[in-house]
Structure formats: structure tokens, C-alpha cells
Amino acid sequence: MIVPTAELFRLADGNYAIGAYNINNLEQILGMFQGCVSSQAPFIIQISRGTRTYADKRMLQAIIRTASEMYPEAVFAVHLDHGGEETCYDCIDSGFYSSVMIDASHDPFEQNIKVTKRVVDRAHAKGVSVEAELGKLGGVEEDLDVDEGSAFLTNPKEAVEFVHRTGCDALAAAIGTSHGAYKFSGRQGLHFDVLERTQKGLPGTPIVMHGSSSVPEEEVRRINEAGGKIDPNARGVDENEYLPAAKLGVTKINIDTDGRLVWTRVHREFFRDYPEKFDFRPPGIVFVKEYATFIAKKNEKLGSAGELPDVRKALAKS
Ligand code: G3H
Ligand code: 13P
Ligand code: ZN
């Protein structure tokens with residue numbers, strides 16, 4: 001069942017985070033539904049602009065609607081990830097999306113506010129909620145000193161002004177993470193201080209953590225043993241920090257890279273072990289199963305596992 005993102009946020013608020021997983025293909029969708037039903041977790045399906053081009057927006061809708069019929073117990077929202085203004089309008093007008101992200105974080109502050117506010121007005125008129133971003137992900141490097149590094153993080157004071165002036169429903173805050181497999185080096189980690197100050201200024205506003213993959217060492221090692229060449233220094237977010245972040249208002253945790261690593265590991269190992277094979281369905285079957293297991297484990301770490309019965313009950317009442 002597709003539900004409003006805002007409803008999932010309301011029920012999770014301060015207790016657990018909802019996994020927002022990027023998908024690009026049929027096998028991921030099957031694995032995600034299976035993993036979320038088996039772990040009894042609500043979830044968010046994220047569709048990026050790249051995904052809409054790769055798989056075609058109509059194809060995605062059809063597959064997701066069919067998966068929803070196949071797994072009637074599943075409760076989830078459909079979200080546009082890192083949208084530009086035009087893509088946001090297309091998704092809002094489609095009637096399919098529960099929420100959109102307008103990412104104007106690369107623009108100067110005032111311009112970010114202007115663009116975000118335009119999208120918020122259009123979205124709210126159609127009952128769609130909006131995530132917007134303030135601060136820059138991926139700018140924090142080990143060789144910058146803390147003050148320089150912090151300049152890229154979300155400024156908690158600006159965050160209050162940004163949310164109030166735009167009316168956005170959720171804030172993607174830069175708290176030290178970045179997209180992809182190479183997030184940290186040395187002793188870097190999440191900036192809980194920035195998160196805490198941001199949440200204090202915005203009680204009740206869901207905070208979104210992008211770049212939240214954990215990039216498991218084991219996954220990188222197996223990929224490399226099967227012929228991959230991923231830098232073994234690749235490092236992600238400590239999964240044990242998801243729940244402490246959730247208690248500080250992080251309600252949506254975005255994960256894409258970790259799922260890509262599962263896909264790459266399964267397929268590299270399969271074709272290494274069976275070099276004579278060329279039917280792609282057998283590794284596809286392995287992938288769906290492994291991806292479902294991966295999603296279920298993530299949901300445990302996010303605290304969303306086991307919440308589905310309560311979510312269903314609450315939604316039935318409202
Ligand atoms: O934050 C970006 C997501 O990982 C989506 O990546 O634009 O390659 O689909 P993509
Ligand atoms: P990762 O690259 O850490 O998976 O982040 C994904 C993301 O933030 C999608 O918006
Ligand atoms: Zn992101």
C-alpha cells in the first residue's frame with residue numbers, strides 16, 4: 001500500500017528511522033518488498049532522476065504498483081530523490097509520488113529558498129510533501145581542518161530560517177556524510193553536534209540523512225576477490241549510529257551504494273564461479289534473496305523492523 005511519506009514520518013518520529021532505498025530494477029524491487037515484509041518494516045522507495053531515465057518512469061510505476069499487489073502487507077511511500085524543479089513538477093502532477101525532494105543545495109541560500117518554496121507550493125496543493133536540502137554533502141575531507149570542513153555542513157541557525165521560509169516538510173541536513181563508497185578517512189564520522197543543534201531549532205521537523213550507506217568491508221573484500229577493483233579504504237557510516245541519529249530526529253535514512261555493492265558481489269562471484277554460464281536468471285534469483293536479507297538487516301539497524309503492525313493499525317484509524 002502506497003501511503004503519504006508524512007504519515008510514515010509522523011509514526012516514526014524520534015523512535016526509529018525509515019529506510020529510504022534507491023531502486024533501479026525489477027530484482028531490487030522484488031528483494032526490497034520481500035525484505036521489508038519479512039522484517040515487518042515500513043519503507044520508502046526512492047527514485048532518482050537517473051533511475052527515471054534508466055528504467056523509464058512509466059515502467060517504474062507499473063512495477064511498483066504490481067509489487068504492491070503481490071505483497072499486500074507492505075506499507076511504503078514513493079519518493080523522488082534529488083529532483084530538480086521540472087522533475088519535481090512532473091512527479092507531483094503524476095499523482096504517483098508520496099513526496100519529492102527538491103535539491104537546490106548547490107544554489108546560494110536565497111535562491112535555494114526561492115526554488116524550494118515554489119516546489120512546496122505546487123506540491124502542497126496536490127497533497128505531496130517536500131524534502132529540501134541545506135548544506136553540502138561530500139565536501140568534508142580529511143585534509144581540511146575542522147573549521148573549514150564545518151563550513152560545508154548545515155548551519156543550524158540557517159536551517160530554522162530555511163524551513164520556516166520554505167515550508168518544506170523534511171530537511172536533508174549535511175552532517176558529515178557523502179554519497180558513494182568513499183565517505184570518510186581517518187577518524188571522521190557523523191557530526192552529532194550539528195545534528196543536535198539542528199533538531200533543537202526545528203523540533204518536529206523530520207531530518208533526512210543522505211549518504212548513509214555503511215560500505216561493509218566484507219562486501220568490498222568479496223567483490224575484489226571476485227575480480228573487482230574497489231579501493232579497500234572505502235568506508236561508510238557506522239550502522240550503529242543510525243539509531244542514535246534517529247533519536248535526534250533523523251527520520252529518513254538514504255541508502256543506495258550498499259545495495260549496489262550487494263548486486264556487484266553477487267554477480268561477480270556467480271560469474272567467477274560459473275564462467276561457462278550466461279543465463280542471467282540464476283544470479284538474479286541469488287540477488288533477490290541476498291538483497292532481501294540485506295534490506296531486512298538494515299531495517300533492524302534502523303529500528304524500523306517490527307514496526308509494520310503498529311503502522312498498519314495507526315493508518316487504519318486515520
Ligand atoms: O544520491 C544519489 C543516489 O545514490 C542516486 O544515484 O543518481 O546514480 O541514480 P543515481
Ligand atoms: P549512499 O551513496 O550512501 O548510499 O547514499 C544514497 C543517497 O543519499 C541517496 O539520496
Ligand atoms: Zn542523496
# chains A, B, ... in the order shown; residues from 1 in each chain; ligands from 1

$ residues_around --residues "stretch 83-86 of chain A" --least-positions-apart "3" --cutoff "8 Å" --atoms "only C-alpha atoms" --output "ChimeraX atom specification"
/A:48-49,80,89-90,100-104,115,119

$ residues_near_ligand --ligand "ligand 1" --cutoff "6 Å" --atoms "only C-alpha atoms and all ligand atoms" --output "list in words"
Ser48, Gly50, Thr51, His179 and Asp256 of chain A

$ closest_atom_pairs --of "stretch 247-298 of chain A" --to "stretch 303-309 of chain A" --cutoff "9 Å" --atoms "only C-alpha atoms" --output "Markdown table"
| residue | atom | partner | partner_atom | distance |
| --- | --- | --- | --- | --- |
| A:Ala296 | CA | A:Ala305 | CA | 7.3 |
| A:Lys297 | CA | A:Ala305 | CA | 8.5 |
| A:Lys298 | CA | A:Ala305 | CA | 8.5 |

$ write_last_selection --atoms "N, CA, C and O atoms" --output "PDB file, in the first residue's frame"
ATOM      1  N   ALA A 296      16.416  -6.490   5.138  1.00  0.00           N
ATOM      2  CA  ALA A 296      15.875  -6.863   6.456  1.00  0.00           C
ATOM      3  C   ALA A 296      16.881  -6.517   7.563  1.00  0.00           C
ATOM      4  O   ALA A 296      16.512  -5.987   8.615  1.00  0.00           O
ATOM      5  N   LYS A 297      18.170  -6.769   7.302  1.00  0.00           N
ATOM      6  CA  LYS A 297      19.200  -6.455   8.310  1.00  0.00           C
ATOM      7  C   LYS A 297      19.308  -4.956   8.524  1.00  0.00           C
ATOM      8  O   LYS A 297      19.483  -4.473   9.632  1.00  0.00           O
ATOM      9  N   LYS A 298      19.230  -4.188   7.426  1.00  0.00           N
ATOM     10  CA  LYS A 298      19.295  -2.725   7.553  1.00  0.00           C
ATOM     11  C   LYS A 298      18.139  -2.220   8.408  1.00  0.00           C
ATOM     12  O   LYS A 298      18.303  -1.349   9.261  1.00  0.00           O
TER      13      LYS A 298
END

$ closest_residue --among "A:Ser105, A:Ser213, A:Gln40, A:Thr177" --to "A:Phe192" --atoms "only C-alpha atoms"
A:Thr177

$ residues_near_ligand --ligand "ligand 3" --cutoff "9 Å" --atoms "only C-alpha atoms and all ligand atoms" --output "MDAnalysis selection string"
chainID A and resid 81:82 137 172 178:179 209:212 254:256

$ select_by_dssp --residues "stretch 8-202 of chain A" --states "strand (DSSP E)" --output "MDAnalysis selection string"
chainID A and resid 18:22 43:48 76:83 99:102 129:134 170:173

$ closest_residue --among "A:Met70, A:Cys36, A:Ala55, A:Ile45" --to "A:Ser99" --atoms "only C-alpha atoms"
A:Ile45

$ select_by_dssp --residues "stretch 47-278 of chain A" --states "alpha helix (DSSP H)" --output "JSON, numbers by chain"
{"A": [49, 50, 51, 52, 53, 54, 55, 57, 58, 59, 60, 61, 62, 63, 64, 65, 66, 67, 68, 69, 70, 85, 86, 87, 88, 89, 90, 91, 92, 93, 94, 109, 110, 111, 112, 113, 114, 115, 116, 117, 118, 119, 120, 121, 122, 123, 124, 125, 146, 147, 148, 149, 150, 156, 157, 158, 159, 160, 161, 162, 163, 164, 165, 166, 192, 193, 194, 195, 196, 197, 198, 199, 200, 201, 217, 218, 219, 220, 221, 222, 223, 224, 225, 242, 243, 244, 245, 246, 247, 257, 258, 259, 260, 261, 262, 263, 264, 265, 266, 267, 268, 269, 270, 271, 272, 273]}

$ residues_around --residues "A:Tyr54" --least-positions-apart "5" --cutoff "12 Å" --atoms "only C-alpha atoms" --output "PyMOL selection string"
chain A and resi 23-25+47-49+59-60

$ residues_around --residues "A:Asp310" --least-positions-apart "6" --cutoff "12 Å" --atoms "only C-alpha atoms" --output "PyMOL selection string"
chain A and resi 8+11-12+40-42+75+304+316-317

$ write_last_selection --atoms "all heavy atoms" --output "tab-separated table (two decimals), in the first residue's frame"
chain	number	residue	atom	x	y	z
A	8	LEU	N	4.26	8.24	7.48
A	8	LEU	CA	5.34	7.38	7.98
A	8	LEU	C	6.24	8.17	8.92
A	8	LEU	O	6.68	7.67	9.95
A	8	LEU	CB	6.15	6.80	6.81
A	8	LEU	CG	5.42	5.85	5.86
A	8	LEU	CD1	6.39	5.28	4.83
A	8	LEU	CD2	4.74	4.71	6.62
A	11	LEU	N	4.68	8.65	12.40
A	11	LEU	CA	4.69	7.46	13.26
A	11	LEU	C	6.10	7.10	13.74
A	11	LEU	O	6.27	6.52	14.80
A	11	LEU	CB	4.06	6.28	12.50
A	11	LEU	CG	2.58	6.50	12.15
A	11	LEU	CD1	2.10	5.45	11.15
A	11	LEU	CD2	1.72	6.48	13.40
A	12	ALA	N	7.10	7.46	12.95
A	12	ALA	CA	8.48	7.09	13.31
A	12	ALA	C	9.13	8.09	14.26
A	12	ALA	O	10.00	7.72	15.06
A	12	ALA	CB	9.33	7.01	12.04
A	40	GLN	N	9.06	-6.93	8.63
A	40	GLN	CA	7.89	-6.18	9.15
A	40	GLN	C	8.21	-4.69	9.34
A	40	GLN	O	7.98	-4.12	10.41
A	40	GLN	CB	7.41	-6.81	10.47
A	40	GLN	CG	6.80	-8.19	10.27
A	40	GLN	CD	5.41	-8.11	9.63
A	40	GLN	OE1	4.45	-7.70	10.26
A	40	GLN	NE2	5.31	-8.47	8.35
A	41	ALA	N	8.74	-4.10	8.27
A	41	ALA	CA	9.12	-2.68	8.35
A	41	ALA	C	8.42	-1.85	7.27
A	41	ALA	O	8.29	-2.28	6.13
A	41	ALA	CB	10.64	-2.56	8.17
A	42	PRO	N	8.01	-0.63	7.63
A	42	PRO	CA	7.58	0.32	6.60
A	42	PRO	C	8.83	0.80	5.87
A	42	PRO	O	9.93	0.72	6.42
A	42	PRO	CB	6.95	1.46	7.40
A	42	PRO	CG	7.64	1.41	8.73
A	42	PRO	CD	8.01	-0.03	8.97
A	75	VAL	N	3.79	-1.66	3.44
A	75	VAL	CA	3.37	-0.26	3.57
A	75	VAL	C	4.58	0.59	3.23
A	75	VAL	O	5.63	0.49	3.87
A	75	VAL	CB	2.89	0.04	5.01
A	75	VAL	CG1	2.63	1.54	5.19
A	75	VAL	CG2	1.62	-0.75	5.32
A	304	SER	N	13.37	0.17	12.31
A	304	SER	CA	12.04	0.11	11.68
A	304	SER	C	11.49	-1.31	11.63
A	304	SER	O	10.29	-1.51	11.44
A	304	SER	CB	12.09	0.70	10.27
A	304	SER	OG	12.98	-0.06	9.46
A	316	ALA	N	-4.95	2.59	9.69
A	316	ALA	CA	-6.35	2.17	9.56
A	316	ALA	C	-7.26	3.11	10.34
A	316	ALA	O	-8.40	3.37	9.95
A	316	ALA	CB	-6.52	0.74	10.06
A	317	LYS	N	-6.74	3.65	11.45
A	317	LYS	CA	-7.55	4.56	12.28
A	317	LYS	C	-7.67	5.93	11.66
A	317	LYS	O	-8.65	6.62	11.83
A	317	LYS	CB	-6.86	4.71	13.65
A	317	LYS	CG	-7.29	3.67	14.66
A	317	LYS	CD	-6.82	4.07	16.05
A	317	LYS	CE	-6.35	2.84	16.82
A	317	LYS	NZ	-5.31	3.14	17.78

$ residues_around --residues "A:Phe96" --least-positions-apart "6" --cutoff "12 Å" --atoms "only C-alpha atoms" --output "count of residues only"
23

$ residues_around --residues "A:Gly167" --least-positions-apart "4" --cutoff "7 Å" --atoms "only C-alpha atoms" --output "JSON, numbers by chain"
{"A": [117, 120, 163]}

$ write_last_selection --atoms "C-alpha atoms" --output "PDB file, in the first residue's frame"
ATOM      1  CA  LYS A 117       9.223  27.479  -1.921  1.00  0.00           C
ATOM      2  CA  VAL A 120       6.465  23.379  -1.872  1.00  0.00           C
ATOM      3  CA  VAL A 163      12.424  25.551   6.937  1.00  0.00           C
TER       4      VAL A 163
END

$ residues_around --residues "A:Thr198" --least-positions-apart "2" --cutoff "8 Å" --atoms "only C-alpha atoms" --output "NGL selection string"
:A and (155-157 or 159-160 or 194-196 or 200-202)

$ write_last_selection --atoms "all heavy atoms" --output "compact mmCIF listing (two decimals), in the first residue's frame"
# COMPACT_ATOMS: atom_id res chain seq x y z
N ASN A 155 24.18 24.72 8.55
CA ASN A 155 24.25 25.69 9.63
C ASN A 155 22.90 25.65 10.37
O ASN A 155 21.87 25.97 9.79
CB ASN A 155 24.51 27.07 9.02
CG ASN A 155 24.48 28.18 10.04
OD1 ASN A 155 23.71 28.14 10.99
ND2 ASN A 155 25.31 29.18 9.82
N PRO A 156 22.90 25.21 11.64
CA PRO A 156 21.63 25.01 12.35
C PRO A 156 20.75 26.26 12.40
O PRO A 156 19.52 26.16 12.34
CB PRO A 156 22.06 24.58 13.75
CG PRO A 156 23.42 24.00 13.57
CD PRO A 156 24.06 24.80 12.47
N LYS A 157 21.38 27.42 12.49
CA LYS A 157 20.58 28.67 12.54
C LYS A 157 19.90 28.91 11.20
O LYS A 157 18.71 29.23 11.13
CB LYS A 157 21.52 29.85 12.83
CG LYS A 157 21.43 30.33 14.24
CD LYS A 157 22.03 31.71 14.32
CE LYS A 157 22.27 32.08 15.77
NZ LYS A 157 23.42 32.99 15.90
N ALA A 159 19.19 26.71 9.12
CA ALA A 159 18.20 25.64 8.90
C ALA A 159 16.82 26.08 9.38
O ALA A 159 15.80 25.83 8.73
CB ALA A 159 18.64 24.36 9.61
N VAL A 160 16.78 26.74 10.53
CA VAL A 160 15.49 27.20 11.08
C VAL A 160 14.85 28.18 10.10
O VAL A 160 13.68 28.06 9.74
CB VAL A 160 15.70 27.87 12.46
CG1 VAL A 160 14.39 28.45 12.98
CG2 VAL A 160 16.25 26.84 13.46
N VAL A 194 26.18 18.94 15.21
CA VAL A 194 25.41 19.71 14.23
C VAL A 194 23.96 19.19 14.19
O VAL A 194 23.00 19.96 14.15
CB VAL A 194 26.05 19.63 12.82
CG1 VAL A 194 25.20 20.34 11.78
CG2 VAL A 194 27.46 20.21 12.85
N LEU A 195 23.85 17.88 14.24
CA LEU A 195 22.51 17.26 14.21
C LEU A 195 21.69 17.71 15.41
O LEU A 195 20.53 18.12 15.29
CB LEU A 195 22.67 15.74 14.19
CG LEU A 195 21.38 14.93 14.26
CD1 LEU A 195 20.44 15.28 13.13
CD2 LEU A 195 21.71 13.43 14.22
N GLU A 196 22.31 17.66 16.57
CA GLU A 196 21.60 18.01 17.80
C GLU A 196 21.13 19.47 17.76
O GLU A 196 19.99 19.77 18.12
CB GLU A 196 22.54 17.78 18.98
CG GLU A 196 21.78 17.51 20.24
CD GLU A 196 22.69 16.99 21.35
OE1 GLU A 196 23.82 16.53 21.07
OE2 GLU A 196 22.25 17.06 22.50
N LYS A 200 17.26 20.80 17.69
CA LYS A 200 16.76 21.68 18.76
C LYS A 200 16.03 22.88 18.18
O LYS A 200 15.00 23.31 18.69
CB LYS A 200 17.93 22.17 19.63
CG LYS A 200 18.26 21.20 20.72
CD LYS A 200 18.81 21.91 21.98
CE LYS A 200 19.02 20.89 23.09
NZ LYS A 200 20.45 20.60 23.29
N GLY A 201 16.55 23.39 17.07
CA GLY A 201 15.92 24.56 16.43
C GLY A 201 14.66 24.20 15.67
O GLY A 201 13.85 25.07 15.36
N LEU A 202 14.52 22.93 15.34
CA LEU A 202 13.40 22.52 14.49
C LEU A 202 12.68 21.30 15.07
O LEU A 202 12.57 20.26 14.42
CB LEU A 202 13.91 22.17 13.09
CG LEU A 202 14.44 23.31 12.26
CD1 LEU A 202 15.24 22.80 11.06
CD2 LEU A 202 13.29 24.19 11.77

$ closest_residue --among "A:Phe9, A:Phe278, A:Phe270, A:Tyr71" --to "A:Ser38" --atoms "only C-alpha atoms"
A:Tyr71

$ decode --residues "stretch 224-239 of chain A" --atoms "N, CA and C atoms" --output "CSV table (one decimal), in the first residue's frame"
chain,number,residue,atom,x,y,z
A,224,ASN,N,36.3,-7.6,-4.5
A,224,ASN,CA,37.7,-7.5,-5.0
A,224,ASN,C,38.3,-8.9,-5.2
A,225,GLU,N,37.9,-9.9,-4.4
A,225,GLU,CA,38.3,-11.3,-4.5
A,225,GLU,C,37.7,-11.9,-5.8
A,226,ALA,N,36.6,-11.3,-6.2
A,226,ALA,CA,36.0,-11.9,-7.4
A,226,ALA,C,36.3,-11.1,-8.6
A,227,GLY,N,37.3,-10.3,-8.6
A,227,GLY,CA,37.8,-9.5,-9.8
A,227,GLY,C,37.6,-8.0,-9.7
A,228,GLY,N,36.9,-7.5,-8.7
A,228,GLY,CA,36.7,-6.1,-8.6
A,228,GLY,C,37.9,-5.3,-8.2
A,229,LYS,N,37.8,-4.0,-8.4
A,229,LYS,CA,39.0,-3.2,-8.0
A,229,LYS,C,38.5,-2.0,-7.2
A,230,ILE,N,37.8,-2.2,-6.2
A,230,ILE,CA,37.3,-1.1,-5.3
A,230,ILE,C,38.4,-0.8,-4.3
A,231,ASP,N,38.6,0.5,-4.1
A,231,ASP,CA,39.7,0.9,-3.2
A,231,ASP,C,39.3,0.3,-1.8
A,232,PRO,N,40.2,-0.6,-1.2
A,232,PRO,CA,39.9,-1.2,0.1
A,232,PRO,C,39.8,-0.2,1.2
A,233,ASN,N,40.1,1.0,1.0
A,233,ASN,CA,39.9,2.0,2.0
A,233,ASN,C,38.5,2.6,2.0
A,234,ALA,N,37.7,2.1,1.1
A,234,ALA,CA,36.3,2.6,1.1
A,234,ALA,C,35.7,2.5,2.5
A,235,ARG,N,35.0,3.5,2.9
A,235,ARG,CA,34.4,3.5,4.2
A,235,ARG,C,33.1,4.2,4.3
A,236,GLY,N,32.1,3.7,5.1
A,236,GLY,CA,30.8,4.4,5.2
A,236,GLY,C,30.4,4.7,6.6
A,237,VAL,N,29.2,4.9,6.8
A,237,VAL,CA,28.6,5.3,8.1
A,237,VAL,C,28.5,4.0,9.0
A,238,ASP,N,28.9,4.2,10.2
A,238,ASP,CA,28.8,3.1,11.2
A,238,ASP,C,27.3,2.8,11.4
A,239,GLU,N,26.9,1.6,11.1
A,239,GLU,CA,25.4,1.3,11.2
A,239,GLU,C,24.9,1.4,12.6
